[in-house]
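All remarks here apply to the structure that follows.
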Amino acid sequence: MDPEDYSELIAELAPNRHTETTSVRGAVGRTTAMDIRAPRSVPDFAASAMDGFALDGEALSSARDGNAIRIVGDTPAGHSAVALQTGCAVRVMTGAPVPSGAEAVVPVELTDAQQTGPAPEAVRIDSLPESVPPEWNIRAIGEDMNRGDIILTAGERITSAGVGVLAMLGITEIDVVRRPRIGLVVTGDEIQGTDQTGESRTEAAAAAIFNSNLPMLAAAVRGFGAEPIEATCSDDGDELRGVLTTMSTEADLVVTTGGISAGAFEVVRQVLEPDYSTFRRLAMRPGSPQGFGRFGTLPLIHLPGTPQGAFVAFHLFVGSLLAGKSLRQRWRKGILAGTDLRPHGNAVTFRPGTFTESGEILPADQARLPNFATADVIIRIPAGTDTPHGSADLCAATAVDYLEC
C-alpha cells in the first residue's frame, strides 16, 4: 500500500474537534472554530485619508478662482466632526471624521497653510487636479470591511495580521479549536532517559540507547499546534495496557513508536493485535512498519521505532490527521537540484532536502536523522519502474513532491 492510500485509510482517526474561548491577544497560531463576521464596518464613518481641509462643492469652485476659503472648524482624529458651512472648509487630520456635505479633502501640502500649529482663519489652495474625483481623499464607510463580512473562515489559522483585524473590529474574544492532546508512548526496554549517564550507568544501561523519539515527537506535536502528553513503556504488556488506560482519559489521540515489527519482543503488536490494532508494511522507505486502531474509543497510531522512520511517518500520517487533510492533498511541487536520485524498485522513498537560494530543492546524501535535522523538506521519490538496467533516475531540474518539515 502506498503512503497516500494509507493516509486516507486512517483519516477517521483524526482527533475530534473541541472548541474553547480565547482572548484575541493570545489567538495567534490558533484555528478558528467558526466563521467570524465583522460586527461593524471599518471605517464606520466617512474618514479623512489625509491631513488637510474638507471642502464642499461651492468652496472647491471658489478655490479654483483663487479665493481664500474660510476655516470654520478643526477636527483631530478621535474627535467628533465639526459642521461644515456652505462655501467654507474644516481642517481635518488623517483618520478624523469628515463633515457631512464635504466633497473632497484637499491635502495641506496643496495649500498655503502651515502643516503644524493652530488652524488658520482662511486658506488658499495652490493647485487642484483638473478634475477632482468624487470624495477625493475621503475613506468611505466600509472601505476596508462592511458589517457582516466574513473576515476569517472556520478552520483558518490565525496570523498576527488576523489578530490585528480582530482588534480593529473591537473583538476581544473568539472561539477557537482546542489544541488536540496527543499522547506519545515510546516503547522498548532499550530506551533510557538522558539522566542515566556517567559513572552511575549499569552494565545493562550501557547497552541502552538514549530516548530521542520522545523529545523529537513532542516538538513535532507542538509544531502542529497540539499539546503532547509524554510517556515511556518497557516491553512489558501489562505496563503498556496501563499506560493506554491512563491515556484514554487524557488524550485525543495516542502515537506509539517501536514494538510493531515481527520480532520476539514487539510489545505493541503482541498486546494490541488483533483486538485493537491492525499492522502492515507499507511500500515506503524509511518507515515501512505501520499500524493503527482504537483502544476502546481512543484512536491509536503506531510508528516504527527507528528515529528517521518515526520522524518521516509522523509528518506524513500524524501530521495529516492534525492538519485535517489527506497526505495526497498536502504534497507541494518543487524543482529538484543537484545530483539525480535513484528510486527504489518497488517502494516510495523519502529523502531530506533543503531549499537553495534560487528556491530549488537540494536532496541530502542520506536519510538519517542528522540529515533531517538540517532539512527544510521531505522529498517524495516515487517507486521506480524496473528495467534490465535498473530503475530510471529522478533527474535534476524535474518536478518533485515535497512536504515541509
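By convention in this document, the chains of the C-alpha cells carry letters A, B, ... by their order, each chain's residues are numbered from 1, and ligands are numbered from 1 in the order they are shown.
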Practice item. Could you pull out the residues in range 226-294 of chain A that DSSP calls alpha helix (DSSP H) from the backbone, as a list in words? Key: Gly237, Asp238, Glu239, Leu240, Arg241, Gly242, Val243, Leu244, Thr245, Thr246, Met247, Val267, Val268, Arg269, Gln270, Val271 and Leu272 of chain A
**Study point:** range 283-300 of chain A environment, 7 Å, only C-alpha atoms, sequence neighbours closer than 4 positions dropped, as an NGL selection string
**Key:** :A and (1-3 or 13 or 248 or 252-255 or 260-261 or 276-279 or 304 or 308-310 or 312-313 or 346-350)
Based on the selection just made, write C-alpha atoms of those residues as a short mmCIF file (atom, residue, chain, number, x, y, z; two decimals), in the first residue's frame.
```cif
data_model
loop_
_atom_site.label_atom_id
_atom_site.label_comp_id
_atom_site.auth_asym_id
_atom_site.auth_seq_id
_atom_site.Cartn_x
_atom_site.Cartn_y
_atom_site.Cartn_z
CA MET A 1 0.00 0.00 0.00
CA ASP A 2 1.27 3.47 -0.91
CA PRO A 3 1.57 6.12 1.83
CA LEU A 13 -8.75 8.54 13.48
CA SER A 248 -7.67 7.14 27.41
CA ASP A 252 -7.43 12.73 21.96
CA LEU A 253 -5.01 10.51 20.02
CA VAL A 254 -2.10 8.28 21.04
CA VAL A 255 1.02 7.75 18.93
CA ILE A 260 5.43 -3.25 15.79
CA SER A 261 7.74 -5.46 13.70
CA TYR A 276 -7.37 -3.33 18.98
CA SER A 277 -4.97 -2.57 16.14
CA THR A 278 -4.03 -3.61 12.64
CA PHE A 279 -0.42 -3.72 11.46
CA PRO A 304 8.30 2.37 13.80
CA GLN A 308 14.20 8.52 10.99
CA GLY A 309 11.25 6.20 10.39
CA ALA A 310 9.30 7.73 13.28
CA VAL A 312 9.03 10.68 8.49
CA ALA A 313 5.91 8.70 9.41
CA ASN A 346 9.04 -1.13 -5.54
CA ALA A 347 8.72 1.45 -2.75
CA VAL A 348 8.23 5.19 -2.37
CA THR A 349 11.33 6.63 -0.70
CA PHE A 350 11.75 9.81 1.27
#
```
If you take only C-alpha atoms and a cut-off of 10 Å, which residues of range 271-388 of chain A touch range 219-230 of chain A, and what are their nearest atom pairs and distances in Å to one decimal, in chain and number order, as JSON lines?
```
{"residue": "A:Phe311", "atom": "CA", "partner": "A:Ala220", "partner_atom": "CA", "distance": 8.6}
{"residue": "A:Phe314", "atom": "CA", "partner": "A:Ala220", "partner_atom": "CA", "distance": 8.1}
{"residue": "A:His315", "atom": "CA", "partner": "A:Ala220", "partner_atom": "CA", "distance": 8.1}
{"residue": "A:Val318", "atom": "CA", "partner": "A:Val221", "partner_atom": "CA", "distance": 8.9}
{"residue": "A:Gly319", "atom": "CA", "partner": "A:Phe224", "partner_atom": "CA", "distance": 7.1}
{"residue": "A:Ser320", "atom": "CA", "partner": "A:Phe224", "partner_atom": "CA", "distance": 9.9}
{"residue": "A:Leu322", "atom": "CA", "partner": "A:Phe224", "partner_atom": "CA", "distance": 6.8}
{"residue": "A:Ala323", "atom": "CA", "partner": "A:Phe224", "partner_atom": "CA", "distance": 7.5}
```
Convert the current residue selection to file output with all heavy atoms, as a compact mmCIF listing (two decimals), in the first residue's frame.
```txt
# COMPACT_ATOMS: atom_id res chain seq x y z
N PHE A 311 10.20 9.86 12.51
CA PHE A 311 10.12 11.26 12.08
C PHE A 311 9.34 11.39 10.78
O PHE A 311 8.40 12.19 10.68
CB PHE A 311 11.53 11.82 11.90
CG PHE A 311 11.57 13.24 11.43
CD1 PHE A 311 11.50 14.28 12.34
CD2 PHE A 311 11.68 13.55 10.08
CE1 PHE A 311 11.52 15.60 11.92
CE2 PHE A 311 11.71 14.87 9.64
CZ PHE A 311 11.63 15.90 10.58
N PHE A 314 5.61 10.32 11.21
CA PHE A 314 4.84 11.32 11.95
C PHE A 314 4.40 12.44 11.02
O PHE A 314 3.24 12.83 11.00
CB PHE A 314 5.65 11.89 13.12
CG PHE A 314 4.88 12.93 13.89
CD1 PHE A 314 4.14 12.57 15.00
CD2 PHE A 314 4.89 14.27 13.50
CE1 PHE A 314 3.41 13.52 15.70
CE2 PHE A 314 4.16 15.22 14.19
CZ PHE A 314 3.42 14.84 15.29
N HIS A 315 5.34 12.99 10.26
CA HIS A 315 4.99 14.12 9.39
C HIS A 315 4.02 13.71 8.30
O HIS A 315 3.14 14.50 7.91
CB HIS A 315 6.25 14.74 8.81
CG HIS A 315 6.97 15.65 9.76
ND1 HIS A 315 6.62 16.97 9.94
CD2 HIS A 315 8.00 15.43 10.62
CE1 HIS A 315 7.39 17.52 10.85
NE2 HIS A 315 8.24 16.61 11.27
N VAL A 318 0.57 11.34 11.02
CA VAL A 318 0.01 12.09 12.15
C VAL A 318 -0.17 13.56 11.75
O VAL A 318 -1.17 14.19 12.08
CB VAL A 318 0.91 11.96 13.39
CG1 VAL A 318 0.29 12.70 14.57
CG2 VAL A 318 1.13 10.49 13.74
N GLY A 319 0.81 14.10 11.02
CA GLY A 319 0.69 15.47 10.55
C GLY A 319 -0.56 15.69 9.71
O GLY A 319 -1.22 16.72 9.80
N SER A 320 -0.90 14.70 8.88
CA SER A 320 -2.11 14.82 8.06
C SER A 320 -3.37 14.82 8.92
O SER A 320 -4.31 15.58 8.67
CB SER A 320 -2.16 13.67 7.05
OG SER A 320 -1.09 13.76 6.13
N LEU A 322 -3.58 15.87 12.02
CA LEU A 322 -3.63 17.14 12.75
C LEU A 322 -3.96 18.30 11.82
O LEU A 322 -4.56 19.30 12.25
CB LEU A 322 -2.32 17.38 13.48
CG LEU A 322 -1.97 16.38 14.58
CD1 LEU A 322 -0.63 16.71 15.20
CD2 LEU A 322 -3.05 16.34 15.64
N ALA A 323 -3.54 18.20 10.56
CA ALA A 323 -3.83 19.27 9.60
C ALA A 323 -5.24 19.17 9.04
O ALA A 323 -5.73 20.11 8.41
CB ALA A 323 -2.82 19.22 8.45
```
Point to revise | Nearest to Thr172 in chain A by atom-to-atom distance, counting only C-alpha atoms, from A:Val24, A:Ile150, A:Ala47, A:Leu9 | key: A:Val24
**Study point:** For Asn16 in chain A, the nearest of the candidates A:Arg179, A:Arg30, A:Arg269, A:Arg380, counting only C-alpha atoms
**Key:** A:Arg179
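For the pair CA of Ser41 in chain A and CA of Met93 in chain A, the separation is 20.3 Å.
The environment of range 233-238 of chain A within 6 Å, counting only C-alpha atoms and disregarding residues fewer than 3 places along the same chain, consists of Thr187, Gly188, Asp189, Arg241, Val267 and Val271 of chain A.
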Can I get the selected residues back with all heavy atoms, as a PDB file, in the first residue's frame?
```pdb
ATOM      1  N   THR A 187       8.204   2.946  23.297  1.00  0.00           N
ATOM      2  CA  THR A 187       8.319   1.633  23.932  1.00  0.00           C
ATOM      3  C   THR A 187       9.709   1.036  23.734  1.00  0.00           C
ATOM      4  O   THR A 187      10.432   1.397  22.813  1.00  0.00           O
ATOM      5  CB  THR A 187       7.280   0.662  23.342  1.00  0.00           C
ATOM      6  OG1 THR A 187       7.601   0.387  21.968  1.00  0.00           O
ATOM      7  CG2 THR A 187       5.878   1.245  23.412  1.00  0.00           C
ATOM      8  N   GLY A 188      10.049   0.081  24.628  1.00  0.00           N
ATOM      9  CA  GLY A 188      11.289  -0.673  24.484  1.00  0.00           C
ATOM     10  C   GLY A 188      12.128  -0.672  25.740  1.00  0.00           C
ATOM     11  O   GLY A 188      12.345   0.378  26.359  1.00  0.00           O
ATOM     12  N   ASP A 189      12.604  -1.855  26.133  1.00  0.00           N
ATOM     13  CA  ASP A 189      13.498  -1.959  27.286  1.00  0.00           C
ATOM     14  C   ASP A 189      14.808  -1.212  27.061  1.00  0.00           C
ATOM     15  O   ASP A 189      15.483  -0.824  28.018  1.00  0.00           O
ATOM     16  CB  ASP A 189      13.823  -3.433  27.573  1.00  0.00           C
ATOM     17  CG  ASP A 189      12.645  -4.179  28.185  1.00  0.00           C
ATOM     18  OD1 ASP A 189      11.695  -3.510  28.650  1.00  0.00           O
ATOM     19  OD2 ASP A 189      12.670  -5.425  28.189  1.00  0.00           O
ATOM     20  N   ARG A 241      -0.642  -1.753  28.669  1.00  0.00           N
ATOM     21  CA  ARG A 241      -2.087  -1.625  28.879  1.00  0.00           C
ATOM     22  C   ARG A 241      -2.392  -0.532  29.902  1.00  0.00           C
ATOM     23  O   ARG A 241      -3.344   0.241  29.744  1.00  0.00           O
ATOM     24  CB  ARG A 241      -2.667  -2.961  29.355  1.00  0.00           C
ATOM     25  CG  ARG A 241      -2.640  -4.065  28.308  1.00  0.00           C
ATOM     26  CD  ARG A 241      -3.346  -5.316  28.813  1.00  0.00           C
ATOM     27  NE  ARG A 241      -3.150  -6.432  27.902  1.00  0.00           N
ATOM     28  CZ  ARG A 241      -2.175  -7.323  27.985  1.00  0.00           C
ATOM     29  NH1 ARG A 241      -1.274  -7.220  28.986  1.00  0.00           N
ATOM     30  NH2 ARG A 241      -2.059  -8.296  27.106  1.00  0.00           N
ATOM     31  N   VAL A 267       6.165  -5.485  21.730  1.00  0.00           N
ATOM     32  CA  VAL A 267       5.125  -5.410  22.746  1.00  0.00           C
ATOM     33  C   VAL A 267       3.846  -4.769  22.220  1.00  0.00           C
ATOM     34  O   VAL A 267       2.739  -5.206  22.559  1.00  0.00           O
ATOM     35  CB  VAL A 267       5.649  -4.646  23.989  1.00  0.00           C
ATOM     36  CG1 VAL A 267       6.036  -3.205  23.633  1.00  0.00           C
ATOM     37  CG2 VAL A 267       4.628  -4.673  25.111  1.00  0.00           C
ATOM     38  N   VAL A 271       0.376  -6.996  22.213  1.00  0.00           N
ATOM     39  CA  VAL A 271      -0.722  -6.625  23.106  1.00  0.00           C
ATOM     40  C   VAL A 271      -1.978  -6.226  22.332  1.00  0.00           C
ATOM     41  O   VAL A 271      -3.099  -6.549  22.737  1.00  0.00           O
ATOM     42  CB  VAL A 271      -0.281  -5.480  24.038  1.00  0.00           C
ATOM     43  CG1 VAL A 271      -1.465  -4.870  24.782  1.00  0.00           C
ATOM     44  CG2 VAL A 271       0.751  -5.975  25.034  1.00  0.00           C
TER      45      VAL A 271
END
```
Practice item. Give me the residues within 9 Å of Thr257 in chain A as a VMD selection string, counting only C-alpha atoms and dropping any in the same chain fewer than 4 places off. Key: chain A and resid 184 to 188 213 to 214 268 301 to 306 310
